[in-house]
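Have a look at final32.cif below; it lists mmCIF, N, CA and C atoms.
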data_upload
#
loop_
_atom_site.label_atom_id
_atom_site.label_comp_id
_atom_site.auth_asym_id
_atom_site.auth_seq_id
_atom_site.Cartn_x
_atom_site.Cartn_y
_atom_site.Cartn_z
N MET C 483 15.03 -30.19 -8.32
CA MET C 483 14.36 -28.90 -8.48
C MET C 483 14.38 -28.44 -9.93
N TRP C 484 15.43 -28.76 -10.65
CA TRP C 484 15.53 -28.29 -12.01
C TRP C 484 14.48 -28.91 -12.92
N ARG C 485 13.94 -30.05 -12.52
CA ARG C 485 12.92 -30.70 -13.34
C ARG C 485 11.58 -29.97 -13.28
N VAL C 486 11.39 -29.19 -12.22
CA VAL C 486 10.16 -28.40 -12.13
C VAL C 486 10.12 -27.38 -13.26
N TRP C 487 11.28 -26.78 -13.56
CA TRP C 487 11.34 -25.76 -14.61
C TRP C 487 11.20 -26.36 -16.00
N LEU C 488 11.32 -27.68 -16.11
CA LEU C 488 11.03 -28.32 -17.38
C LEU C 488 9.52 -28.42 -17.62
N LEU C 489 8.75 -28.40 -16.53
CA LEU C 489 7.30 -28.46 -16.66
C LEU C 489 6.70 -27.08 -16.94
N PHE C 490 7.30 -26.04 -16.32
CA PHE C 490 6.78 -24.68 -16.44
C PHE C 490 7.79 -23.80 -17.16
N ASP C 491 7.28 -22.87 -17.96
CA ASP C 491 8.14 -21.87 -18.58
C ASP C 491 8.56 -20.87 -17.51
N PRO C 492 9.86 -20.69 -17.27
CA PRO C 492 10.30 -19.81 -16.18
C PRO C 492 9.83 -18.37 -16.34
N ARG C 493 9.82 -17.85 -17.56
CA ARG C 493 9.40 -16.45 -17.77
C ARG C 493 7.93 -16.27 -17.40
N ARG C 494 7.09 -17.17 -17.86
CA ARG C 494 5.66 -17.05 -17.55
C ARG C 494 5.39 -17.27 -16.07
N ALA C 495 6.12 -18.21 -15.46
CA ALA C 495 5.92 -18.49 -14.04
C ALA C 495 6.34 -17.29 -13.19
N LEU C 496 7.47 -16.66 -13.52
CA LEU C 496 7.93 -15.51 -12.75
C LEU C 496 7.04 -14.29 -12.96
N VAL C 497 6.56 -14.09 -14.16
CA VAL C 497 5.64 -12.98 -14.41
C VAL C 497 4.34 -13.20 -13.64
N ALA C 498 3.85 -14.42 -13.63
CA ALA C 498 2.63 -14.72 -12.88
C ALA C 498 2.86 -14.55 -11.38
N LEU C 499 4.01 -14.96 -10.89
CA LEU C 499 4.33 -14.82 -9.47
C LEU C 499 4.41 -13.35 -9.07
N PHE C 500 5.12 -12.54 -9.84
CA PHE C 500 5.26 -11.12 -9.51
C PHE C 500 3.93 -10.38 -9.65
N SER C 501 3.12 -10.77 -10.61
CA SER C 501 1.80 -10.15 -10.76
C SER C 501 0.92 -10.48 -9.56
N PHE C 502 0.94 -11.72 -9.15
CA PHE C 502 0.16 -12.12 -7.98
C PHE C 502 0.61 -11.38 -6.73
N LEU C 503 1.92 -11.26 -6.53
CA LEU C 503 2.43 -10.56 -5.35
C LEU C 503 2.09 -9.07 -5.38
N ALA C 504 2.11 -8.45 -6.55
CA ALA C 504 1.75 -7.03 -6.65
C ALA C 504 0.27 -6.83 -6.33
N VAL C 505 -0.59 -7.69 -6.85
CA VAL C 505 -2.02 -7.58 -6.56
C VAL C 505 -2.27 -7.83 -5.07
N LEU C 506 -1.57 -8.78 -4.49
CA LEU C 506 -1.73 -9.06 -3.06
C LEU C 506 -1.28 -7.88 -2.21
N ALA C 507 -0.17 -7.24 -2.59
CA ALA C 507 0.32 -6.08 -1.85
C ALA C 507 -0.68 -4.92 -1.93
N LEU C 508 -1.22 -4.67 -3.11
CA LEU C 508 -2.22 -3.60 -3.25
C LEU C 508 -3.48 -3.91 -2.46
N LEU C 509 -3.89 -5.16 -2.47
CA LEU C 509 -5.08 -5.56 -1.72
C LEU C 509 -4.87 -5.34 -0.22
N ILE C 510 -3.72 -5.73 0.29
CA ILE C 510 -3.44 -5.54 1.72
C ILE C 510 -3.41 -4.06 2.07
N HIS C 511 -2.79 -3.24 1.23
CA HIS C 511 -2.72 -1.80 1.52
C HIS C 511 -4.11 -1.16 1.49
N PHE C 512 -4.94 -1.53 0.54
CA PHE C 512 -6.28 -0.95 0.49
C PHE C 512 -7.14 -1.43 1.65
N ILE C 513 -6.96 -2.66 2.09
CA ILE C 513 -7.68 -3.13 3.27
C ILE C 513 -7.25 -2.34 4.50
N LEU C 514 -5.95 -2.08 4.64
CA LEU C 514 -5.48 -1.29 5.78
C LEU C 514 -5.96 0.15 5.70
N LEU C 515 -6.03 0.71 4.50
CA LEU C 515 -6.53 2.08 4.36
C LEU C 515 -8.01 2.20 4.68
N SER C 516 -8.74 1.12 4.58
CA SER C 516 -10.17 1.18 4.86
C SER C 516 -10.48 1.10 6.35
N THR C 517 -9.50 0.78 7.19
CA THR C 517 -9.73 0.71 8.63
C THR C 517 -9.39 2.04 9.28
N ASP C 518 -9.99 2.30 10.42
CA ASP C 518 -9.71 3.54 11.14
C ASP C 518 -8.35 3.50 11.83
N ARG C 519 -7.97 2.35 12.30
CA ARG C 519 -6.73 2.25 13.07
C ARG C 519 -5.49 2.39 12.19
N PHE C 520 -5.50 1.80 11.01
CA PHE C 520 -4.32 1.75 10.18
C PHE C 520 -4.37 2.68 8.97
N ASN C 521 -5.31 3.62 8.93
CA ASN C 521 -5.39 4.56 7.82
C ASN C 521 -4.42 5.70 8.08
N TRP C 522 -3.24 5.63 7.46
CA TRP C 522 -2.20 6.61 7.71
C TRP C 522 -2.42 7.90 6.94
N MET C 523 -3.30 7.91 5.97
CA MET C 523 -3.51 9.12 5.19
C MET C 523 -4.35 10.15 5.94
N THR C 524 -5.43 9.73 6.55
CA THR C 524 -6.26 10.69 7.27
C THR C 524 -5.66 11.06 8.61
N SER C 525 -4.92 10.15 9.23
CA SER C 525 -4.31 10.48 10.52
C SER C 525 -3.21 11.51 10.35
N ALA C 526 -2.48 11.48 9.25
CA ALA C 526 -1.43 12.46 9.01
C ALA C 526 -2.02 13.84 8.78
N SER C 527 -3.11 13.93 8.03
CA SER C 527 -3.72 15.23 7.79
C SER C 527 -4.38 15.76 9.06
N ALA C 528 -4.91 14.88 9.90
CA ALA C 528 -5.52 15.32 11.15
C ALA C 528 -4.46 15.88 12.10
N VAL C 529 -3.30 15.25 12.14
CA VAL C 529 -2.21 15.74 12.98
C VAL C 529 -1.72 17.08 12.46
N GLU C 530 -1.58 17.18 11.15
CA GLU C 530 -1.12 18.44 10.55
C GLU C 530 -2.11 19.56 10.83
N THR C 531 -3.40 19.29 10.75
CA THR C 531 -4.42 20.29 11.00
C THR C 531 -4.41 20.74 12.46
N SER C 532 -4.23 19.78 13.37
CA SER C 532 -4.22 20.15 14.79
C SER C 532 -2.98 20.95 15.13
N VAL C 533 -1.85 20.65 14.50
CA VAL C 533 -0.63 21.43 14.74
C VAL C 533 -0.80 22.84 14.20
N GLN C 534 -1.40 22.97 13.03
CA GLN C 534 -1.62 24.30 12.46
C GLN C 534 -2.61 25.09 13.31
N ALA C 535 -3.60 24.42 13.90
CA ALA C 535 -4.56 25.11 14.75
C ALA C 535 -3.89 25.60 16.03
N GLN C 536 -2.95 24.83 16.54
CA GLN C 536 -2.25 25.25 17.75
C GLN C 536 -1.32 26.41 17.47
N ILE C 537 -0.70 26.41 16.30
CA ILE C 537 0.20 27.51 15.93
C ILE C 537 -0.59 28.75 15.59
N GLY C 538 -1.77 28.57 15.03
CA GLY C 538 -2.61 29.69 14.65
C GLY C 538 -2.49 30.05 13.19
N GLU C 539 -1.95 29.13 12.40
CA GLU C 539 -1.81 29.39 10.96
C GLU C 539 -3.11 29.04 10.26
N SER C 540 -3.36 29.72 9.18
CA SER C 540 -4.54 29.44 8.38
C SER C 540 -4.14 28.59 7.19
N THR C 541 -4.99 27.63 6.84
CA THR C 541 -4.73 26.81 5.66
C THR C 541 -5.25 27.47 4.39
N LEU C 542 -5.99 28.56 4.52
CA LEU C 542 -6.55 29.25 3.36
C LEU C 542 -5.67 30.45 3.02
N VAL C 543 -4.56 30.19 2.38
CA VAL C 543 -3.64 31.28 2.04
C VAL C 543 -3.77 31.61 0.59
#
Using C-alpha coordinates, write down the structure from this file.
Amino acid sequence: MWRVWLLFDPRRALVALFSFLAVLALLIHFILLSTDRFNWMTSASAVETSVQAQIGESTLV
(Lines of atoms letter the chains of each structure in order from A and count residues from 1; the text may use other names and numbers.)
(Lines give C-alpha, C1' and ligand atoms only; values in the text may rest on other atoms or scores of the structure.)
Protein backbone atom coordinates (compact mmCIF):
# COMPACT_ATOMS: atom_id res chain seq x y z
CA MET A 1 0.00 0.00 0.00
CA TRP A 2 2.82 2.40 0.74
CA ARG A 3 3.97 2.23 -2.87
CA VAL A 4 0.72 3.85 -3.99
CA TRP A 5 1.71 7.01 -2.12
CA LEU A 6 4.98 7.05 -4.04
CA LEU A 7 2.95 7.49 -7.22
CA PHE A 8 0.63 10.19 -5.85
CA ASP A 9 1.35 13.22 -3.69
CA PRO A 10 -0.62 12.57 -0.47
CA ARG A 11 -1.53 16.23 0.08
CA ARG A 12 -2.95 16.68 -3.41
CA ALA A 13 -4.72 13.32 -3.31
CA LEU A 14 -6.39 14.07 0.05
CA VAL A 15 -7.40 17.58 -1.01
CA ALA A 16 -8.90 16.16 -4.20
CA LEU A 17 -10.70 13.43 -2.23
CA PHE A 18 -12.19 15.85 0.31
CA SER A 19 -13.19 18.29 -2.43
CA PHE A 20 -14.95 15.53 -4.35
CA LEU A 21 -16.77 14.34 -1.22
CA ALA A 22 -17.90 17.89 -0.36
CA VAL A 23 -19.26 18.46 -3.87
CA LEU A 24 -20.99 15.07 -3.76
CA ALA A 25 -22.59 15.87 -0.39
CA LEU A 26 -23.86 19.23 -1.64
CA LEU A 27 -25.20 17.62 -4.80
CA ILE A 28 -27.10 14.98 -2.83
CA HIS A 29 -28.58 17.59 -0.48
CA PHE A 30 -29.72 19.82 -3.33
CA ILE A 31 -31.27 16.85 -5.13
CA LEU A 32 -33.17 15.96 -1.95
CA LEU A 33 -34.29 19.57 -1.50
CA SER A 34 -35.72 19.59 -5.01
CA THR A 35 -38.12 16.70 -4.24
CA ASP A 36 -41.45 17.12 -2.50
CA ARG A 37 -40.98 14.14 -0.21
CA PHE A 38 -37.55 14.99 1.19
CA ASN A 39 -37.68 18.81 1.20
CA TRP A 40 -37.33 19.49 4.93
CA MET A 41 -37.28 23.26 4.57
CA THR A 42 -40.80 23.79 3.24
CA SER A 43 -42.31 21.02 5.36
CA ALA A 44 -41.00 22.63 8.55
CA SER A 45 -42.47 26.01 7.68
CA ALA A 46 -45.78 24.41 6.69
CA VAL A 47 -45.99 22.63 10.05
CA GLU A 48 -45.10 25.83 11.88
CA THR A 49 -47.77 27.77 9.96
CA SER A 50 -50.45 25.17 10.67
CA VAL A 51 -49.58 25.15 14.37
CA GLN A 52 -49.77 28.94 14.51
CA ALA A 53 -53.12 28.84 12.70
CA GLN A 54 -54.47 26.38 15.25
CA ILE A 55 -53.26 28.50 18.15
CA GLY A 56 -54.60 31.66 16.53
CA GLU A 57 -51.34 33.60 16.50
CA SER A 58 -50.58 36.03 13.75
CA THR A 59 -47.26 35.95 11.91
CA LEU A 60 -47.56 39.67 11.12
CA VAL A 61 -46.41 41.19 14.38
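Straight-line separation from atom CA of Asp518 of chain C to atom CA of Ala504 of chain C: 23.7 Å.
Going from atom CA of Thr517 of chain C over to atom CA of Leu499 of chain C, you cover 27.7 Å.
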Rounded to one decimal, what separation in Å do you get between atom CA of Ser501 of chain C and atom CA of Leu489 of chain C?
20.0 Å
